[in-house]
$ cat model_27.cif   # mmCIF, C-alpha atoms
data_query
#
loop_
_atom_site.group_PDB
_atom_site.id
_atom_site.type_symbol
_atom_site.label_atom_id
_atom_site.label_comp_id
_atom_site.auth_asym_id
_atom_site.auth_seq_id
_atom_site.Cartn_x
_atom_site.Cartn_y
_atom_site.Cartn_z
ATOM 1 C CA MET A 170 197.993 24.849 78.146
ATOM 2 C CA ASN A 171 199.677 27.285 80.554
ATOM 3 C CA ALA A 172 202.534 26.493 82.931
ATOM 4 C CA PHE A 173 200.170 26.095 85.890
ATOM 5 C CA ASP A 174 198.063 23.496 84.059
ATOM 6 C CA THR A 175 201.175 21.656 82.907
ATOM 7 C CA ASN A 176 202.532 21.438 86.448
ATOM 8 C CA LYS A 177 199.218 20.075 87.712
ATOM 9 C CA LEU A 178 199.193 17.467 84.939
ATOM 10 C CA VAL A 179 202.743 16.372 85.779
ATOM 11 C CA LEU A 180 201.848 16.025 89.464
ATOM 12 C CA LEU A 181 198.714 14.058 88.586
ATOM 13 C CA LEU A 182 200.651 11.656 86.338
ATOM 14 C CA ASP A 183 203.340 11.214 88.982
ATOM 15 C CA GLY A 184 200.671 10.387 91.536
ATOM 16 C CA LEU A 185 199.021 7.836 89.250
ATOM 17 C CA THR A 186 202.377 6.217 88.476
ATOM 18 C CA CYS A 187 203.173 5.863 92.178
ATOM 19 C CA ARG A 188 199.760 4.334 92.864
ATOM 20 C CA LEU A 189 200.139 1.823 90.023
ATOM 21 C CA MET A 190 203.619 0.837 91.184
ATOM 22 C CA SER A 191 202.358 0.429 94.750
ATOM 23 C CA LEU A 192 199.436 -1.707 93.541
ATOM 24 C CA ASN A 193 201.745 -3.909 91.459
ATOM 25 C CA VAL A 194 204.093 -4.447 94.403
ATOM 26 C CA SER A 195 201.115 -5.291 96.615
ATOM 27 C CA ILE A 196 199.811 -7.892 94.127
ATOM 28 C CA LEU A 197 203.239 -9.505 93.766
ATOM 29 C CA SER A 198 203.632 -9.526 97.536
ATOM 30 C CA ASP A 199 200.263 -11.259 97.954
ATOM 31 C CA ILE A 200 201.226 -13.917 95.399
ATOM 32 C CA GLU A 201 204.591 -14.529 97.057
ATOM 33 C CA THR A 202 202.989 -14.994 100.478
ATOM 34 C CA ILE A 203 200.775 -17.835 99.257
ATOM 35 C CA GLU A 204 202.373 -21.050 100.458
ATOM 36 C CA ASN A 205 202.755 -24.173 98.314
ATOM 37 C CA LEU A 206 201.241 -22.593 95.212
ATOM 38 C CA PRO A 207 201.158 -25.428 92.649
ATOM 39 C CA GLN A 208 202.918 -25.031 89.313
ATOM 40 C CA TYR A 209 200.959 -25.760 86.138
ATOM 41 C CA CYS A 210 201.913 -29.052 84.454
ATOM 42 C CA ASN A 211 202.547 -28.179 80.809
ATOM 43 C CA TYR A 212 202.702 -31.738 79.494
ATOM 44 C CA HIS A 213 200.116 -34.515 79.542
ATOM 45 C CA LYS A 214 201.379 -36.421 82.567
ATOM 46 C CA PHE A 215 200.148 -39.993 82.807
ATOM 47 C CA LEU A 216 197.911 -40.449 85.846
ATOM 48 C CA LEU A 217 195.586 -43.100 87.178
ATOM 49 C CA VAL A 218 191.895 -42.479 87.684
ATOM 50 C CA GLU A 219 192.532 -43.670 91.252
ATOM 51 C CA GLU A 220 195.153 -40.962 91.820
ATOM 52 C CA LEU A 221 192.634 -38.242 91.091
ATOM 53 C CA MET A 222 189.540 -39.700 92.728
ATOM 54 C CA LEU A 223 191.192 -40.744 96.000
ATOM 55 C CA VAL A 224 192.724 -37.344 96.781
ATOM 56 C CA ASP A 225 191.443 -36.057 100.125
ATOM 57 C CA ASP A 226 193.237 -32.705 100.051
ATOM 58 C CA TYR A 227 192.237 -30.859 96.891
ATOM 59 C CA SER A 228 195.117 -28.407 97.321
ATOM 60 C CA ALA A 229 197.356 -31.391 96.437
ATOM 61 C CA LEU A 230 195.349 -32.414 93.363
ATOM 62 C CA HIS A 231 197.260 -32.505 90.077
ATOM 63 C CA TYR A 232 197.254 -29.034 88.456
ATOM 64 C CA GLY A 233 197.409 -28.921 84.673
ATOM 65 C CA LYS A 234 197.498 -31.330 81.762
ATOM 66 C CA CYS A 235 196.997 -35.063 82.195
ATOM 67 C CA ARG A 236 196.665 -38.350 80.333
ATOM 68 C CA LEU A 237 194.389 -41.131 81.542
ATOM 69 C CA ILE A 238 193.497 -44.616 80.347
ATOM 70 C CA GLY A 239 190.201 -46.163 81.361
ATOM 71 C CA LYS A 240 186.822 -47.555 80.388
ATOM 72 C CA VAL A 241 184.064 -45.208 79.295
ATOM 73 C CA PHE A 242 180.820 -45.275 81.232
ATOM 74 C CA SER A 243 177.837 -43.273 79.952
ATOM 75 C CA ALA A 244 174.797 -42.497 82.067
ATOM 76 C CA THR A 245 172.042 -39.862 82.095
ATOM 77 C CA GLY A 246 173.774 -37.731 79.498
ATOM 78 C CA GLU A 247 177.085 -37.646 81.369
ATOM 79 C CA VAL A 248 180.288 -39.464 80.432
ATOM 80 C CA TYR A 249 182.766 -40.941 82.910
ATOM 81 C CA LEU A 250 186.089 -42.737 82.706
ATOM 82 C CA GLU A 251 186.349 -45.755 84.995
ATOM 83 C CA ASN A 252 189.514 -47.174 86.487
ATOM 84 C CA VAL A 253 190.985 -50.333 84.977
ATOM 85 C CA ARG A 254 192.278 -53.316 86.951
ATOM 86 C CA ILE A 255 196.070 -53.049 86.999
ATOM 87 C CA PRO A 256 197.867 -56.374 86.489
ATOM 88 C CA HIS A 257 200.903 -57.451 88.530
ATOM 89 C CA ILE A 258 199.516 -55.755 91.669
ATOM 90 C CA SER A 259 198.442 -57.929 94.584
ATOM 91 C CA GLU A 260 194.738 -58.290 95.295
ATOM 92 C CA GLU A 261 195.291 -56.578 98.633
ATOM 93 C CA TYR A 262 196.095 -53.245 96.984
ATOM 94 C CA ALA A 263 194.374 -53.402 93.595
ATOM 95 C CA LEU A 264 190.899 -52.015 93.054
ATOM 96 C CA PRO A 265 188.442 -53.928 90.876
ATOM 97 C CA GLU A 266 187.697 -52.462 87.472
ATOM 98 C CA GLY A 267 185.008 -49.794 87.564
ATOM 99 C CA ALA A 268 185.344 -49.149 91.296
ATOM 100 C CA LEU A 269 186.082 -45.476 90.652
ATOM 101 C CA GLN A 270 185.071 -43.102 87.882
ATOM 102 C CA ILE A 271 185.926 -39.539 86.948
ATOM 103 C CA GLN A 272 183.601 -37.279 84.973
ATOM 104 C CA LEU A 273 184.721 -36.181 81.507
ATOM 105 C CA ILE A 274 183.880 -32.598 80.521
ATOM 106 C CA PRO A 275 183.851 -31.906 76.781
ATOM 107 C CA THR A 276 185.454 -28.696 75.573
ATOM 108 C CA ALA A 277 184.249 -26.829 72.494
ATOM 109 C CA ALA A 278 187.018 -28.483 70.473
ATOM 110 C CA SER A 279 186.267 -32.008 71.738
ATOM 111 C CA LEU A 280 182.465 -31.880 71.800
ATOM 112 C CA ASN A 281 182.087 -34.098 68.741
ATOM 113 C CA THR A 282 184.748 -36.495 70.019
ATOM 114 C CA CYS A 283 183.072 -36.885 73.409
ATOM 115 C CA SER A 284 179.695 -37.506 71.823
ATOM 116 C CA THR A 285 181.136 -40.519 69.978
ATOM 117 C CA LEU A 286 182.780 -42.164 72.997
ATOM 118 C CA GLU A 287 181.379 -45.689 73.224
ATOM 119 C CA HIS A 288 180.097 -47.074 76.509
ATOM 120 C CA GLY A 289 182.214 -49.990 77.705
ATOM 121 C CA LYS A 290 185.151 -49.264 75.403
ATOM 122 C CA TYR A 291 188.658 -48.368 76.562
ATOM 123 C CA TYR A 292 190.123 -44.952 75.777
ATOM 124 C CA GLU A 293 193.196 -42.843 76.308
ATOM 125 C CA ILE A 294 192.105 -39.346 77.327
ATOM 126 C CA LEU A 295 194.231 -36.217 77.041
ATOM 127 C CA GLY A 296 192.982 -33.203 78.913
ATOM 128 C CA GLU A 297 193.233 -30.982 81.964
ATOM 129 C CA VAL A 298 192.314 -31.686 85.596
ATOM 130 C CA LYS A 299 189.525 -29.562 87.062
ATOM 131 C CA LEU A 300 187.272 -29.442 90.130
ATOM 132 C CA LEU A 301 183.596 -29.584 89.210
ATOM 133 C CA PRO A 302 180.681 -28.627 91.487
ATOM 134 C CA LYS A 303 178.873 -31.761 92.687
ATOM 135 C CA SER A 304 175.472 -30.088 92.440
ATOM 136 C CA PRO A 305 174.085 -27.601 89.870
ATOM 137 C CA ASN A 306 172.710 -25.659 92.843
ATOM 138 C CA GLN A 307 176.266 -24.645 93.713
ATOM 139 C CA GLY A 308 176.648 -22.687 90.482
ATOM 140 C CA THR A 309 178.899 -23.358 87.528
ATOM 141 C CA GLU A 310 182.297 -22.178 88.791
ATOM 142 C CA ILE A 311 184.985 -24.722 87.904
ATOM 143 C CA LEU A 312 188.129 -24.670 90.034
ATOM 144 C CA THR A 313 191.642 -26.106 90.028
ATOM 145 C CA SER A 314 193.949 -27.081 92.877
ATOM 146 C CA ARG A 315 195.620 -23.679 92.523
ATOM 147 C CA GLY A 316 192.257 -22.003 93.081
ATOM 148 C CA VAL A 317 191.795 -24.074 96.231
ATOM 149 C CA VAL A 318 195.229 -23.096 97.561
ATOM 150 C CA GLU A 319 194.494 -19.421 96.936
ATOM 151 C CA ARG A 320 191.137 -19.627 98.738
ATOM 152 C CA VAL A 321 192.332 -21.413 101.891
ATOM 153 C CA GLN A 322 194.957 -18.802 102.783
ATOM 154 C CA SER A 323 192.559 -16.950 105.051
ATOM 155 C CA GLY A 324 190.525 -18.862 107.593
ATOM 156 C CA ASN A 325 190.713 -22.358 109.008
ATOM 157 C CA ARG A 326 192.558 -24.398 106.362
ATOM 158 C CA GLY A 327 191.219 -27.763 107.541
ATOM 159 C CA ILE A 328 187.597 -26.625 107.580
ATOM 160 C CA LEU A 329 187.879 -24.892 104.191
ATOM 161 C CA LEU A 330 189.511 -27.935 102.573
ATOM 162 C CA GLN A 331 186.731 -30.151 103.900
ATOM 163 C CA GLN A 332 184.159 -27.753 102.435
ATOM 164 C CA PHE A 333 185.798 -28.011 99.028
ATOM 165 C CA LYS A 334 185.819 -31.801 99.388
ATOM 166 C CA ASN A 335 182.085 -31.767 100.162
ATOM 167 C CA LEU A 336 181.145 -29.394 97.335
ATOM 168 C CA TYR A 337 183.486 -30.346 94.481
ATOM 169 C CA LYS A 338 184.711 -33.450 92.693
ATOM 170 C CA PRO A 339 187.685 -34.052 90.350
ATOM 171 C CA ALA A 340 186.924 -34.028 86.629
ATOM 172 C CA VAL A 341 188.820 -33.803 83.350
ATOM 173 C CA ASN A 342 188.371 -31.300 80.558
ATOM 174 C CA VAL A 343 188.769 -33.518 77.488
ATOM 175 C CA TRP A 344 190.953 -32.281 74.644
ATOM 176 C CA PHE A 345 191.555 -35.525 72.748
ATOM 177 C CA ALA A 346 190.361 -39.131 73.033
ATOM 178 C CA PHE A 347 191.703 -42.295 71.382
ATOM 179 C CA GLN A 348 190.252 -45.776 71.592
ATOM 180 C CA VAL A 349 192.835 -48.326 72.785
ATOM 181 C CA ASN A 350 193.276 -52.069 73.158
ATOM 182 C CA GLU A 351 194.973 -53.881 76.053
ATOM 183 C CA ALA A 352 194.260 -50.978 78.393
ATOM 184 C CA SER A 353 195.610 -52.710 81.508
ATOM 185 C CA GLU A 354 198.927 -53.485 79.833
ATOM 186 C CA LEU A 355 199.210 -49.914 78.556
ATOM 187 C CA ILE A 356 198.654 -48.634 82.079
ATOM 188 C CA SER A 357 201.363 -50.941 83.426
ATOM 189 C CA ARG A 358 203.866 -49.763 80.819
ATOM 190 C CA ASN A 359 203.106 -46.112 81.520
ATOM 191 C CA LEU A 360 203.548 -46.666 85.244
ATOM 192 C CA GLU A 361 206.926 -48.285 84.597
ATOM 193 C CA ILE A 362 207.976 -45.261 82.515
ATOM 194 C CA ARG A 363 206.853 -42.905 85.283
ATOM 195 C CA MET A 364 208.867 -44.860 87.833
ATOM 196 C CA LEU A 365 211.988 -44.754 85.663
ATOM 197 C CA GLU A 366 211.551 -41.017 85.077
ATOM 198 C CA SER A 367 211.214 -40.346 88.808
ATOM 199 C CA VAL A 368 214.367 -42.344 89.529
ATOM 200 C CA SER A 369 216.349 -40.488 86.835
ATOM 201 C CA LEU A 370 215.321 -37.113 88.285
ATOM 202 C CA ARG A 371 216.709 -37.893 91.753
#
$ encode --input "model_27.cif" --output "structure tokens"
Amino acid sequence: MNAFDTNKLVLLLDGLTCRLMSLNVSILSDIETIENLPQYCNYHKFLLVEELMLVDDYSALHYGKCRLIGKVFSATGEVYLENVRIPHISEEYALPEGALQIQLIPTAASLNTCSTLEHGKYYEILGEVKLLPKSPNQGTEILTSRGVVERVQSGNRGILLQQFKNLYKPAVNVWFAFQVNEASELISRNLEIRMLESVSLR
């Protein structure tokens, strides 16, 4: 390769390097401008079925790993986890058992486990919170609250959030499932632990 070709190659590489650096800075800038981007929860945080199913703003939905306790409900080939009546809460605020249910999505690793979940039995579920299309006609794209936040940056936030609410529903990708006894008491104990943890972090 002569000197002329070498110089052209150096200029070409310099130009490509500058373009890549500019692109990287642009991507980082776009990420930094997204407001309230949720951080992934790397541990199986104990949550109530009610906490997931009663969320109106999907940008505020739990993002990451979770742990739920509830009663399994099977229907038309789909499996759901129903809420459990929580003791020591006044009737005014407590929901009856089975008032709400969240769909369980088996992963490749938990397919056999999910197929053996017994209708009407109580289980502790470890998994990951997702947003599932309500209708197969919408496609198969599964979202998270982070995906919602990223998509509502441009446009009317209120309208876009309502669209997500109309088209998607919370669900849980199941990783592990364990049958439990005294589900309501277990829920109460876990809520007490959560309360103590939140106080200690203040």
$ resolve_selection --input "model_27.cif" --expression "the PyMOL selection byres ((chain A and resi 264) around 12)" --output "PyMOL selection string"
chain A and resi 217-220+223+251-256+258-263+265-270
$ atom_distance --input "model_27.cif" --atom1 "atom CA of Asp225 of chain A" --atom2 "atom CA of Asn325 of chain A"
16.3 Å
$ atom_distance --input "model_27.cif" --atom1 "atom CA of Leu295 of chain A" --atom2 "atom CA of Glu310 of chain A"
21.9 Å
$ closest_atom_pairs --input "model_27.cif" --of "segment 221-334 of chain A" --to "segment 344-365 of chain A" --cutoff "6 Å" --atoms "all atoms listed in the file" --output "Markdown table"
| residue | atom | partner | partner_atom | distance |
| --- | --- | --- | --- | --- |
| A:Ile255 | CA | A:Ser353 | CA | 5.5 |
| A:Ser279 | CA | A:Trp344 | CA | 5.5 |
| A:Tyr291 | CA | A:Val349 | CA | 5.6 |
| A:Tyr292 | CA | A:Gln348 | CA | 4.3 |
| A:Glu293 | CA | A:Phe347 | CA | 5.2 |
| A:Ile294 | CA | A:Ala346 | CA | 4.6 |
| A:Leu295 | CA | A:Phe345 | CA | 5.1 |
| A:Gly296 | CA | A:Trp344 | CA | 4.8 |
$ resolve_selection --input "model_27.cif" --expression "the PyMOL selection byres ((chain A and resi 301) around 12)" --output "ChimeraX atom specification"
/A:227,271-274,298-300,302-305,307-314,333-342
